[in-house]
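K.L.:
Quick one: this structure, given as structure tokens, is what I'll be asking you about.
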Amino acid sequence: MTRLFLRFYLGIVAILVVAWLVQSYVAGLSSTQNVNVIESALTGGARLARNEVENFWYEDLAVSTSNYLRVASNFEYPMYLLSVKDTVWLKNPHRQRLINGEVVLLGEYLGIALFPQPRPEKSIADELQSSGSADSQVPTETTSRQPEKAEPEYFLLFGPLPQLVGPSRTQVTLGYGIIFLLAAFAIAILLRPVAKQFRAVEHAATSIASGDLNARIPTKSRSRDLALVTTFNAMADRTESLVRSQRELLQAVSHELRTPLARIRFATDLVHTATDENERRSRLDSIDDATEKLDSLVGELLTYARIDSNTAEMTLELVNVWNLIEQAVDFHAPLYPKIKYILPAEPERLITQAHPDSLARAVENLVSNAGQYAKSRVQLSAEIIKESVVIKIEDDGDGIPEEHWLTVFEPFTRLGQSDNRGVGLGLALVQRIAKQHHGEVTVSNSTLGGACLTIRLPHRTRSTED
């Protein structure tokens, strides 16, 4: 997780650095374009000044000096006359552009070349130098280098020029750099709690994978925790519950399978000791009964494993609930001839969307359970109450103690230490089928004196995808 955080954070920092470099490059382009704009804007004035100076270059020295000062006074910034020998500090391409006669922006100064032939006598440049009109701020470096042929001997230099309002390229680059550094720092602060919670998820997942099903991610408050944290903890709770349920089911199955297997083994041993054919047949019938119970138990286990209230896919169909109830009664009534099954004389037609086989299995289990524990009567009803299909099956047996109303739906639950009655997987299957239909099954006291088991399902009259 630390590597993932570092990789993610370094990726963000790299993006910020690239953005900073691109911005610096764009600022450089803007600066170059501004130089071209300034040169174009000042070219006219610089060329007019150069032409004026070249026109009076061969005039009398006093007149030339007067005219030079007159031209210089037209500018809001100083105008200088420099010898080419004093500008060896000027490097290409600026120097070459000046030699070619172009107007060139040199930082805070603007330069242009003069092309008149030098005077044989004292020149205007000598006069200006002796009068001290040349500014000492102009960068100069004397040298004995002689200009090449066809090069100008003098340059006009204007400046320092007024500066445009706004930050320089260096200031802009530095400013964006500070902004990106602050952004990187802020991102690190914002990512820290996220990385911390992801690290906690990693540790919890590792613990669960190693067998510690109680491992959870520590939570502070819903406003500070990611949705991933609460979802992961809910998933861990669900996983722990399922694993615990499977373990308990496996233990219960192991216990329940031992009884018919022991009966089969015991009856098999007795077959060899039978004294006559009738006794042998009786013991074979006992083996057959135990085998049937074992087969029934295995069938219920397979059905229970197949029906998962959360993942099973169902194809819903229109089902007549009363038909399912009547079919269950017709099948189980002959098995319990002493029990009277009470149904409405003219039940209303009750149609709803459900999985027919699953719902039929749930109704059959409740009808069989009621017939097994009733004393003389079982009453059945079905109706629509508040957009729900409510199926009730009541008996007049001993009932179910209230403290077992929740645990009675767990597989192979015994109602008490002294009570040999067990509910096996029948009610557990009913509960799964009800949840599969987004409904529920509950236990209450019956008006007949025994138990009342109620299935409540959403009433749907058109196709619905589950």
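Residues in the structure tokens are numbered from 1 in each chain, the chains being A, B, ... in the order shown, and ligands are numbered from 1 in the order shown.
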Would you pick out the contacts of A:Leu106 at 12 Å or less, using only C-alpha atoms, so that residues sharing its chain but fewer than 5 positions from it are not included, and give the list as a list in words?
P.N.:
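Residues meeting the cut-off are Val35, Asn36, Ile38, Glu39, Thr87, Trp89, Leu90, Lys91, Asn92, Pro93, His94, Arg95, Arg97, Leu98, Gly111, Ile112, Val138, Pro139, Leu157, Phe158, Gly159, Pro160 and Leu161 of chain A.
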K.L.:
Out of stretch 271-450 of chain A, which residues get helix (DSSP H, G or I) from DSSP, as a VMD selection string?
P.N.:
chain A and resid 271 to 272 277 to 306 321 to 335 356 to 373 402 to 404 407 to 409 426 to 436
K.L.:
For A:Leu270, work out the shell of residues within 10 Å, counting only C-alpha atoms and skipping chain neighbours fewer than 6 positions away, then give it as a short mmCIF file (atom, residue, chain, number, x, y, z; two decimals) with C-alpha atoms, in the first residue's frame.
P.N.:
```cif
data_model
loop_
_atom_site.label_atom_id
_atom_site.label_comp_id
_atom_site.auth_asym_id
_atom_site.auth_seq_id
_atom_site.Cartn_x
_atom_site.Cartn_y
_atom_site.Cartn_z
CA ILE A 264 -28.41 -48.99 9.47
CA GLU A 279 -37.69 -61.10 11.95
CA ARG A 280 -35.19 -60.73 9.10
CA ARG A 283 -34.99 -55.64 10.35
CA LEU A 284 -34.55 -55.09 6.59
#
```
K.L.:
Compile the contact shell of A:Ser446 as a list of chain:residue names: residues with an atom at most 12 Å away, counting only C-alpha atoms, same-chain residues fewer than 6 positions apart removed.
P.N.:
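Residues near the query, excluding close chain neighbours: A:Ala370, A:Ala374, A:Arg377, A:Val378, A:Gln379, A:Leu380, A:Lys392, A:Ile393, A:Glu394, A:Asp395, A:Asp396, A:Gly397, A:Asp398, A:Gly399, A:Ile400, A:Pro401, A:Cys452, A:Leu453, A:Thr454.
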K.L.:
Return the single residue from A:Thr231, A:Leu427, A:Lys338, A:Trp405 that is closest to A:Leu366, with distances computed using only C-alpha atoms.
P.N.:
A:Leu427
K.L.:
From the options A:Arg263, A:Ala236, A:Phe75, A:Leu302, which residue's atoms come nearest to A:Ser207, counting only C-alpha atoms?
P.N.:
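Of A:Arg263, A:Ala236, A:Phe75, A:Leu302, the one nearest A:Ser207 is A:Ala236, counting only C-alpha atoms.
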K.L.:
Would you please work out which residue, of A:Ile99, A:Ala382, A:Leu213, A:Leu350, is nearest to A:Ser241 when using only C-alpha atoms?
P.N.:
A:Leu213
K.L.:
Which residues are near A:Ile433? Cut-off 7 Å, only C-alpha atoms, ignore same chain within fewer than 2 positions. Put them as an MDAnalysis selection string.
P.N.:
chainID A and resid 307 309 358:359 362 429:431 435:437
K.L.:
Please save C-alpha atoms of the selected residues as a PDB file, in the first residue's frame.
P.N.:
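Written output follows (part.pdb):
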```pdb
ATOM      1  CA  ILE A 307     -31.167 -21.837  -2.392  1.00  0.00           C
ATOM      2  CA  SER A 309     -31.219 -15.771  -0.460  1.00  0.00           C
ATOM      3  CA  SER A 358     -39.470 -22.556  -4.293  1.00  0.00           C
ATOM      4  CA  LEU A 359     -42.732 -21.176  -2.926  1.00  0.00           C
ATOM      5  CA  ALA A 362     -41.878 -23.507   1.517  1.00  0.00           C
ATOM      6  CA  LEU A 429     -35.356 -23.743   3.976  1.00  0.00           C
ATOM      7  CA  VAL A 430     -38.572 -21.766   4.432  1.00  0.00           C
ATOM      8  CA  GLN A 431     -36.605 -18.803   5.756  1.00  0.00           C
ATOM      9  CA  LYS A 435     -35.573 -14.045   1.855  1.00  0.00           C
ATOM     10  CA  GLN A 436     -35.044 -15.120  -1.738  1.00  0.00           C
ATOM     11  CA  HIS A 437     -38.390 -13.462  -2.506  1.00  0.00           C
TER      12      HIS A 437
END
```
K.L.:
I need the residues in stretch 284-380 of chain A that are strand (DSSP E or B) according to DSSP; give them as a list in words.
P.N.:
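Going through stretch 284-380 of chain A, the strand (DSSP E or B) residues come out as Glu317, Leu318, Val319, Asn320, Lys340, Tyr341, Ile342, Ile351, Thr352, Gln353, Ala354, Arg377, Val378, Gln379 and Leu380 of chain A.
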K.L.:
Contacts of A:Thr239 at 10 Å or less, counting only C-alpha atoms, minus same-chain residues fewer than 5 places along, as a list in words?
P.N.:
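So, after excluding close chain neighbours, the residues are Ile208, Leu213, Asn233, Ala234, Arg244 and Ser245 of chain A.
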K.L.:
Go through A:Trp20, A:Tyr80, A:Phe8, A:Tyr304 one by one, measure the shortest atom-to-atom distance of each to A:Tyr154 using only C-alpha atoms, and give the residue with the smallest value.
P.N.:
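Among the listed residues, A:Tyr80 lies closest to A:Tyr154.
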K.L.:
Quick one: pull the distance between atom CA of A:Leu82 and atom CA of A:Leu114, Å, one decimal.
P.N.:
9.8 Å
K.L.:
Have a look at atom CA of A:Pro116 and atom CA of A:Val84 and let me know their distance in Å, one decimal.
P.N.:
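Distance reported for this atom pair: 13.1 Å.
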K.L.:
Between atom CA of A:Phe409 and atom CA of A:Ala428, what is the distance in Å, rounded to a tenth?
P.N.:
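Pair atom CA of A:Phe409 / atom CA of A:Ala428 returns 4.7 Å.
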